[in-house]
Amino acid sequence: MADTTHESPHGSTDAAPHDGTQLFQPDVGPSTVMQTSEQLALAAALSAGHQTVPGYQILGEIGRGGMGVVYKAKQIQANRVVALKMILGGSHAGAADRERFRTEIEATAQLQHPGIVRVYEVGEHHGLPFFSMEFCEGGSLARKGGRPQSPNAAAAIVERIARAVEAAHLAGIVHRDLKPGNILMTGDGTPKVGDFGLAKRLDSVDGHTHTGAVMGTPNYMAPEQAAGKAKAVGPQADVYAIGVILFELLAGRQPFQAEGLPELLQKVVHNEAPSLSEFRRDAPRDLETICQKCLAKDPAHRYPTAGALADDLRRFQSGESISARQLNVVERFAWMLEKSHYDQQFVRYAGFFLWLAPVFFLPELYATFVRFHGWPVWWVMPAYAIRPVLGLSLFLYYGDGRIWPANPAEQHILSVWGSFVVVAGLLFVNLGLREGGSTWNGPDFYQAMAGASTVAFVSLGAMFWGGFYLVGLAFLLLIPVMPIDPRFCPIEYGSVWAMVSLLIGLRLRKLAKHQAGHV
């Protein structure tokens with residue numbers, strides 16, 4: 001979709017502005033607002049710079065969207081420069097847009113804090129609502145995007161933002177759309193929070209957000225917000241967004257990025273946020289800890305309040321110990337197991353892994369049968385030879401006939417499992433040459449296969465899903481168990497592989513269903 005909204009340093013003027021704000025909710029029907037000839041004339045007069053709003057002289061246009069426009073204006077009686085925001089109607093300005101505009105006016109007008117943009121006057125002209133607010137000549141914080149800031153500078157900016165957001169929370173208001181584009185800068189570099197159009201009152205029984213609706217800017221959404229859990233979105237969702245802003249100021253990018261919206265929402269909801277040090281090696285450890293606490297998946301694991309976050313940022317700037325602590329060994333291990341990346345790129349292979357379970361298990365069950373009867377190794381060779389053929393066929397089927405990797409994640413998978421197949425093939429050939437036609441009872445072959453499986457899954461744990469570390473551990477523990485009764489080696493190895501395949505397949509199927517719900 002083409003971008004038609006100009007940058008506005010005084011908050012967005014549309015329900016879907018250029019910087020990524022999205023409003024996904026059930027269709028509320030066709031727009032009920034039509035632009036009258038009088039409103040069209042007003043828009044033209046405003047653009048021409050004439051004084052058409054009583055008490056104001058329009059000095060220029062700051063930003064425009066499908067719903068409305070923000071002007072730089074002079075408030076004549078007060079003799080001051082202000083930002084004048086108003087709805088101009090149009091085909092995109094329906095009931096939802098007017099509701100958002102009203103919400104912004106009500107929320108901002110009742111908040112009196114030096115870190116929040118002040119509202120001076122609220123009115124209506126020719127049926128078009130407007131309000132004037134503090135003009136911030138420094139533009140928005142988004143202008144710093146892509147350029148990492150010094151740790152102290154970033155901490156100072158975000159501390160002030162957190163103090164302002166804490167004031168809003170104490171007044172019973174959750175912002176729900178905190179992002180650099182909605183943080184305005186004064187001439188001396190002081191940040192001020194603006195655009196409360198998606199704000200939610202904590203004491204409101206019902207609002208204009210439906211359960212299942214996803215409102216906000218995806219890159220800055222908390223997981224519960226991205227999942228459409230409207231009732232779960234509270235102050236901790238704003239704490240998460242502030243954490244994203246801090247991360248971006250330090251790393252020059254947001255924690256989660258993706259080519260498409262469904263993929264991005266999947267990452268926000270399911271993937272653990274990357275460490276700040278992955279993108280900035282010189283990042284202070286305390287700031288990395290603060291970011292990590294803000295970006296926790298569970299709201300209960302984040303800072304309890306925006307004020308607590310601000311206090312830790314103040315402690316960092318003054319060289320004091322922060323309240324957020326580094327994870328201990330047990331907590332870090334649990335965090336490693338939860339980390340996941342690239343899930344959305346492999347959901348199509350859920351069926352492949354579910355079918356791979358019997359493909360791995362049945363030949364090993366047969367091999368155990370052969371061992372118990374003392375038959376030669378040649379009896380099991382056909383079953384082992386057909387397994388890679390079936391596996392490749394299933395892979396091609398679920399991969400739409402494509403075998404070559406299309407992205408770095410698939411390249412990593414191919415290199416790991418290609419190496420595993422080569423090692424397994426060499427062990428298989430060695431087994432046949434060594435055993436010949438004799439009986440086949442030793443544990444060596446399966447111990448080597450368990451070792452190769454351990455290495456493969458541990459290497460995947462760092463790149464994809466932390467749960468693979470446990471899978472690697474399971475194969476590692478098999479190695480000392482196998483010599484107890486070597487006849488059971490095949491079924492022991494096959495059982496672990498079958499359980500692993502089923503778990504991966506079920507996990508990917510669950511992710512696929514969740515992803516389908518957001519498309």
# chains A, B, ... in the order shown; residues from 1 in each chain; ligands from 1
>>> select_by_dssp(residues="stretch 180-402 of chain A", states="helix (DSSP H, G or I)", output="PyMOL selection string")
chain A and resi 180-182+218-220+223-226+230-232+235-251+261-270+276-278+285-294+299-301+306-318+329-338+343-345+347-373+377-379+381-398
>>> residues_around(residues="A:Ser132", least_positions_apart="3", cutoff="9 Å", atoms="only C-alpha atoms", output="VMD selection string")
chain A and resid 73 75 82 to 86 118 to 123 135
>>> closest_residue(among="A:Leu362, A:Lys229, A:His270, A:Ile290", to="A:Arg315", atoms="only C-alpha atoms")
A:Ile290
>>> atom_distance(atom1="atom CA of A:Arg371", atom2="atom CA of A:Pro443")
11.3 Å
>>> atom_distance(atom1="atom CA of A:Phe360", atom2="atom CA of A:Ile491")
9.9 Å
>>> residues_around(residues="stretch 452-459 of chain A", least_positions_apart="3", cutoff="10 Å", atoms="only C-alpha atoms", output="ChimeraX atom specification")
/A:412-413,415-417,419-421,423-424,446-449,462-478,493,497
>>> closest_residue(among="A:Gly181, A:Phe101, A:Leu396, A:Leu356", to="A:Val69", atoms="only C-alpha atoms")
A:Phe101
>>> select_by_dssp(residues="stretch 139-243 of chain A", states="strand (DSSP E)", output="PyMOL selection string")
chain A and resi 173-174+183-185+191-193+200-201+214-216
>>> write_last_selection(atoms="C-alpha atoms", output="compact mmCIF listing (two decimals), in the first residue's frame")
# COMPACT_ATOMS: atom_id res chain seq x y z
CA ILE A 173 -4.44 6.30 31.15
CA VAL A 174 -2.41 3.77 29.12
CA ILE A 183 7.73 11.51 21.17
CA LEU A 184 8.15 15.20 20.34
CA MET A 185 11.30 17.19 21.04
CA PRO A 191 11.21 14.85 24.97
CA LYS A 192 7.45 15.15 25.35
CA VAL A 193 4.91 12.37 24.91
CA LYS A 200 -7.10 3.41 27.07
CA ARG A 201 -8.61 4.36 30.39
CA VAL A 214 -4.58 -5.52 17.27
CA MET A 215 -4.04 -1.80 17.76
CA GLY A 216 -0.79 0.10 17.76
>>> residues_around(residues="A:Pro180", least_positions_apart="4", cutoff="8 Å", atoms="only C-alpha atoms", output="count of residues only")
6
>>> residues_around(residues="A:Tyr398", least_positions_apart="4", cutoff="9 Å", atoms="only C-alpha atoms", output="list in words")
Arg348, Tyr349, Ala350, Gly351, Phe352, Ser393, Leu394 and Arg402 of chain A
